[in-house]
Amino acid sequence: EVTTRLLDTLASVLRSAPVASHALVINHLLAQPPVIDQLWATSWAGVVRQLDPAAWTDGDAARAAQRSHTDQEDLAYPLLGVAATHHKDSRQALLVLIENGPFETLNAYGDIRDIGPRIVTTLVSRLTCAMCRIVSDAHSGAFFYGGQDIADTAALLYLWHPSQADWDPLIELLGDPLVSGDNKLHAIQRLGQQANQIPEDQRDRLANIAADLANRPHPAQTHPMHTPQDLSGPAALLQATLGADSQTVAQLTLTLASGDAERRVWATHLAAQLAQPEYIGLLAALANDDAPEVRAAAAAGLTKIVGQNKSNS
């Protein structure tokens with residue numbers, strides 16, 4: 001459990017870390033023995049999600065392809081996806097899996113714009129059924145942890161294939177208060193990162209969901225074996241990128257900065273995303289935080305803001 005917590009913290013810090021740090025993490029991961037424990041694999045996959053594509057070399061990608069045959073599948077598919085961006089054979093192997101295989105294969109594929117409309121249609125239908133099942137299970141009181149990240153897969157597909165997208169099931173899932181945060185987290189993060197690609201007719205719907213999630217209290221632990229996901233940070237970032245006014249964004253940032261360590265990290269991400277000089281004081285204060293992950297994220301945010309303002313001057 002300590003290892004997975006460290007990896008989850010590393011994934012959070014990587015969002016604001018320089019590319020050189022990403023390369024060090026890649027070398028460390030590729031030097032590890034096969035990861036067969038699912039919890040470890042899931043946490044390592046979260047790290048791989050945050051690694052800058054520019055940090056991977058062709059040689060790294062080839063080693064990732066080799067690892068994909070031995071690591072537990074939660075990590076194997078993201079590694080195969082990295083390999084697919086560098087090597088045609090890996091990309092073709094992944095494409096064969098996408099139409100009827102696990103949804104993680106689509107998340108791992110990389111640039112999915114060249115996936116044909118027939119496969120997209122099949123995937124949209126499968127994703128709709130899967131998301132409706134998640135909502136139904138949540139209302140029946142069923143509890144599931146881990147497994148395929150259906151909402152994130154749907155968001156990925158819809159952002160790049162808007163003409164074939166069916167947003168209603170995804171909107172229903174993200175807005176349903178009974179659906180676990182585990183089923184929403186990565187979709188909210190992806191939508192925040194790619195907000196400029198969200199269709200105009202869906203922006204208000206998602207902004208309203210983000211505003212609701214950003215203002216919710218920290219979720220209570222209702223299952224003894226699982227800590228629930230706190231969505232306030234990624235939801236605040238999504239709300240900001242969808243055009244929330246500056247006063248609202250400032251309040252969101254200050255609220256996160258007064259929360260626990262995880263929320264304080266997200267406060268640094270939000271301030272760094274906005275890259276405005278008025279957030280330098282907040283980031284400077286958080287750079288002296290008691291939690292090392294907060295200090296690291298704040299320092300990276302300061303570097304980003306100072307660098308951008310120098311280039312604009």
# chains A, B, ... in the order shown; residues from 1 in each chain; ligands from 1
$ residues_around --residues "region 31-46 of chain A" --least-positions-apart "5" --cutoff "7 Å" --atoms "only C-alpha atoms" --output "list of chain:residue names"
A:Thr4, A:Leu7, A:Asp8, A:Ala11, A:Thr70, A:Asp71, A:Gln72, A:Asp74, A:Leu75, A:Pro78
$ residues_around --residues "Arg91 (chain A)" --least-positions-apart "4" --cutoff "10 Å" --atoms "only C-alpha atoms" --output "PyMOL selection string"
chain A and resi 80-87+95-96+108-110
$ select_by_dssp --residues "region 81-161 of chain A" --states "alpha helix (DSSP H)" --output "number ranges by chain"
A: 81-84, 88-98, 104-108, 117-139, 150-160
$ write_last_selection --atoms "N, CA and C atoms" --output "short mmCIF file (atom, residue, chain, number, x, y, z; two decimals), in the first residue's frame"
data_model
loop_
_atom_site.label_atom_id
_atom_site.label_comp_id
_atom_site.auth_asym_id
_atom_site.auth_seq_id
_atom_site.Cartn_x
_atom_site.Cartn_y
_atom_site.Cartn_z
N GLY A 81 0.67 0.96 -25.74
CA GLY A 81 0.29 2.21 -26.40
C GLY A 81 1.49 3.11 -26.65
N VAL A 82 2.40 3.19 -25.68
CA VAL A 82 3.63 3.96 -25.88
C VAL A 82 4.41 3.38 -27.06
N ALA A 83 4.54 2.05 -27.08
CA ALA A 83 5.27 1.39 -28.17
C ALA A 83 4.61 1.67 -29.52
N ALA A 84 3.28 1.74 -29.52
CA ALA A 84 2.55 1.94 -30.77
C ALA A 84 2.81 3.31 -31.39
N LYS A 88 5.43 0.60 -35.87
CA LYS A 88 4.23 0.23 -36.63
C LYS A 88 3.70 -1.14 -36.23
N ASP A 89 4.58 -2.08 -35.94
CA ASP A 89 4.11 -3.43 -35.59
C ASP A 89 3.26 -3.40 -34.32
N SER A 90 3.71 -2.64 -33.33
CA SER A 90 2.95 -2.54 -32.08
C SER A 90 1.62 -1.83 -32.32
N ARG A 91 1.63 -0.83 -33.19
CA ARG A 91 0.39 -0.10 -33.49
C ARG A 91 -0.63 -1.00 -34.17
N GLN A 92 -0.16 -1.82 -35.11
CA GLN A 92 -1.07 -2.73 -35.80
C GLN A 92 -1.63 -3.78 -34.85
N ALA A 93 -0.77 -4.29 -33.95
CA ALA A 93 -1.24 -5.28 -32.98
C ALA A 93 -2.30 -4.69 -32.07
N LEU A 94 -2.12 -3.44 -31.69
CA LEU A 94 -3.09 -2.79 -30.82
C LEU A 94 -4.40 -2.53 -31.55
N LEU A 95 -4.32 -2.15 -32.82
CA LEU A 95 -5.54 -1.88 -33.59
C LEU A 95 -6.41 -3.12 -33.71
N VAL A 96 -5.79 -4.28 -33.85
CA VAL A 96 -6.54 -5.54 -33.95
C VAL A 96 -7.34 -5.79 -32.67
N LEU A 97 -6.78 -5.37 -31.53
CA LEU A 97 -7.44 -5.60 -30.24
C LEU A 97 -8.60 -4.65 -29.97
N ILE A 98 -8.60 -3.49 -30.62
CA ILE A 98 -9.48 -2.40 -30.21
C ILE A 98 -10.96 -2.69 -30.42
N GLU A 104 -9.32 -0.65 -22.57
CA GLU A 104 -8.03 -0.03 -22.30
C GLU A 104 -7.17 0.04 -23.55
N THR A 105 -7.41 -0.84 -24.50
CA THR A 105 -6.60 -0.82 -25.71
C THR A 105 -6.81 0.46 -26.49
N LEU A 106 -8.02 1.03 -26.45
CA LEU A 106 -8.26 2.30 -27.14
C LEU A 106 -7.53 3.43 -26.43
N ASN A 107 -7.61 3.46 -25.11
CA ASN A 107 -6.89 4.48 -24.35
C ASN A 107 -5.40 4.43 -24.64
N ALA A 108 -4.89 3.23 -24.91
CA ALA A 108 -3.46 3.07 -25.13
C ALA A 108 -3.03 3.37 -26.56
N PRO A 117 -14.49 4.67 -39.28
CA PRO A 117 -15.84 4.90 -38.74
C PRO A 117 -16.56 3.63 -38.33
N ARG A 118 -16.30 2.51 -39.00
CA ARG A 118 -16.98 1.26 -38.62
C ARG A 118 -16.58 0.85 -37.20
N ILE A 119 -15.29 0.92 -36.90
CA ILE A 119 -14.82 0.55 -35.56
C ILE A 119 -15.35 1.55 -34.53
N VAL A 120 -15.37 2.84 -34.89
CA VAL A 120 -15.88 3.85 -33.97
C VAL A 120 -17.34 3.58 -33.63
N THR A 121 -18.14 3.26 -34.62
CA THR A 121 -19.56 2.97 -34.38
C THR A 121 -19.73 1.80 -33.42
N THR A 122 -18.95 0.75 -33.63
CA THR A 122 -19.00 -0.40 -32.74
C THR A 122 -18.62 -0.02 -31.31
N LEU A 123 -17.57 0.79 -31.18
CA LEU A 123 -17.11 1.20 -29.86
C LEU A 123 -18.13 2.07 -29.15
N VAL A 124 -18.76 3.01 -29.88
CA VAL A 124 -19.76 3.88 -29.26
C VAL A 124 -20.91 3.05 -28.70
N SER A 125 -21.35 2.07 -29.45
CA SER A 125 -22.44 1.20 -28.98
C SER A 125 -22.02 0.42 -27.73
N ARG A 126 -20.83 -0.14 -27.74
CA ARG A 126 -20.34 -0.91 -26.59
C ARG A 126 -20.17 -0.01 -25.37
N LEU A 127 -19.65 1.20 -25.58
CA LEU A 127 -19.44 2.13 -24.47
C LEU A 127 -20.76 2.59 -23.87
N THR A 128 -21.75 2.82 -24.70
CA THR A 128 -23.07 3.23 -24.20
C THR A 128 -23.63 2.16 -23.28
N CYS A 129 -23.56 0.91 -23.69
CA CYS A 129 -24.06 -0.19 -22.85
C CYS A 129 -23.28 -0.27 -21.54
N ALA A 130 -21.97 -0.11 -21.63
CA ALA A 130 -21.12 -0.22 -20.43
C ALA A 130 -21.41 0.91 -19.45
N MET A 131 -21.59 2.14 -19.95
CA MET A 131 -21.86 3.27 -19.06
C MET A 131 -23.24 3.15 -18.42
N CYS A 132 -24.22 2.70 -19.18
CA CYS A 132 -25.55 2.49 -18.60
C CYS A 132 -25.51 1.43 -17.50
N ARG A 133 -24.66 0.44 -17.69
CA ARG A 133 -24.53 -0.62 -16.68
C ARG A 133 -23.87 -0.08 -15.41
N ILE A 134 -22.90 0.81 -15.55
CA ILE A 134 -22.25 1.42 -14.39
C ILE A 134 -23.26 2.20 -13.57
N VAL A 135 -24.09 3.00 -14.25
CA VAL A 135 -25.10 3.79 -13.55
C VAL A 135 -26.11 2.88 -12.86
N SER A 136 -26.54 1.86 -13.58
CA SER A 136 -27.52 0.92 -13.01
C SER A 136 -26.95 0.21 -11.79
N ASP A 137 -25.70 -0.23 -11.88
CA ASP A 137 -25.06 -0.92 -10.76
C ASP A 137 -24.93 0.02 -9.55
N ALA A 138 -24.60 1.28 -9.82
CA ALA A 138 -24.46 2.25 -8.72
C ALA A 138 -25.78 2.42 -7.97
N HIS A 139 -26.88 2.42 -8.70
CA HIS A 139 -28.19 2.61 -8.07
C HIS A 139 -28.69 1.34 -7.37
N ILE A 150 -14.23 3.13 -18.24
CA ILE A 150 -15.18 3.28 -19.34
C ILE A 150 -15.40 4.75 -19.70
N ALA A 151 -15.64 5.60 -18.69
CA ALA A 151 -15.95 7.00 -18.97
C ALA A 151 -14.78 7.71 -19.66
N ASP A 152 -13.56 7.40 -19.23
CA ASP A 152 -12.40 8.02 -19.85
C ASP A 152 -12.25 7.57 -21.30
N THR A 153 -12.51 6.30 -21.55
CA THR A 153 -12.46 5.78 -22.92
C THR A 153 -13.49 6.48 -23.79
N ALA A 154 -14.70 6.66 -23.25
CA ALA A 154 -15.75 7.36 -24.01
C ALA A 154 -15.35 8.80 -24.29
N ALA A 155 -14.81 9.49 -23.29
CA ALA A 155 -14.39 10.88 -23.49
C ALA A 155 -13.32 10.96 -24.57
N LEU A 156 -12.36 10.06 -24.52
CA LEU A 156 -11.30 10.02 -25.53
C LEU A 156 -11.88 9.86 -26.92
N LEU A 157 -12.77 8.89 -27.08
CA LEU A 157 -13.35 8.62 -28.40
C LEU A 157 -14.19 9.78 -28.89
N TYR A 158 -15.00 10.37 -28.00
CA TYR A 158 -15.92 11.43 -28.41
C TYR A 158 -15.19 12.71 -28.77
N LEU A 159 -14.09 12.99 -28.08
CA LEU A 159 -13.34 14.22 -28.38
C LEU A 159 -12.70 14.17 -29.76
N TRP A 160 -12.31 12.98 -30.19
CA TRP A 160 -11.62 12.87 -31.47
C TRP A 160 -12.53 12.43 -32.61
#
$ atom_distance --atom1 "CA of Ala275 (chain A)" --atom2 "CA of Ile305 (chain A)"
4.9 Å
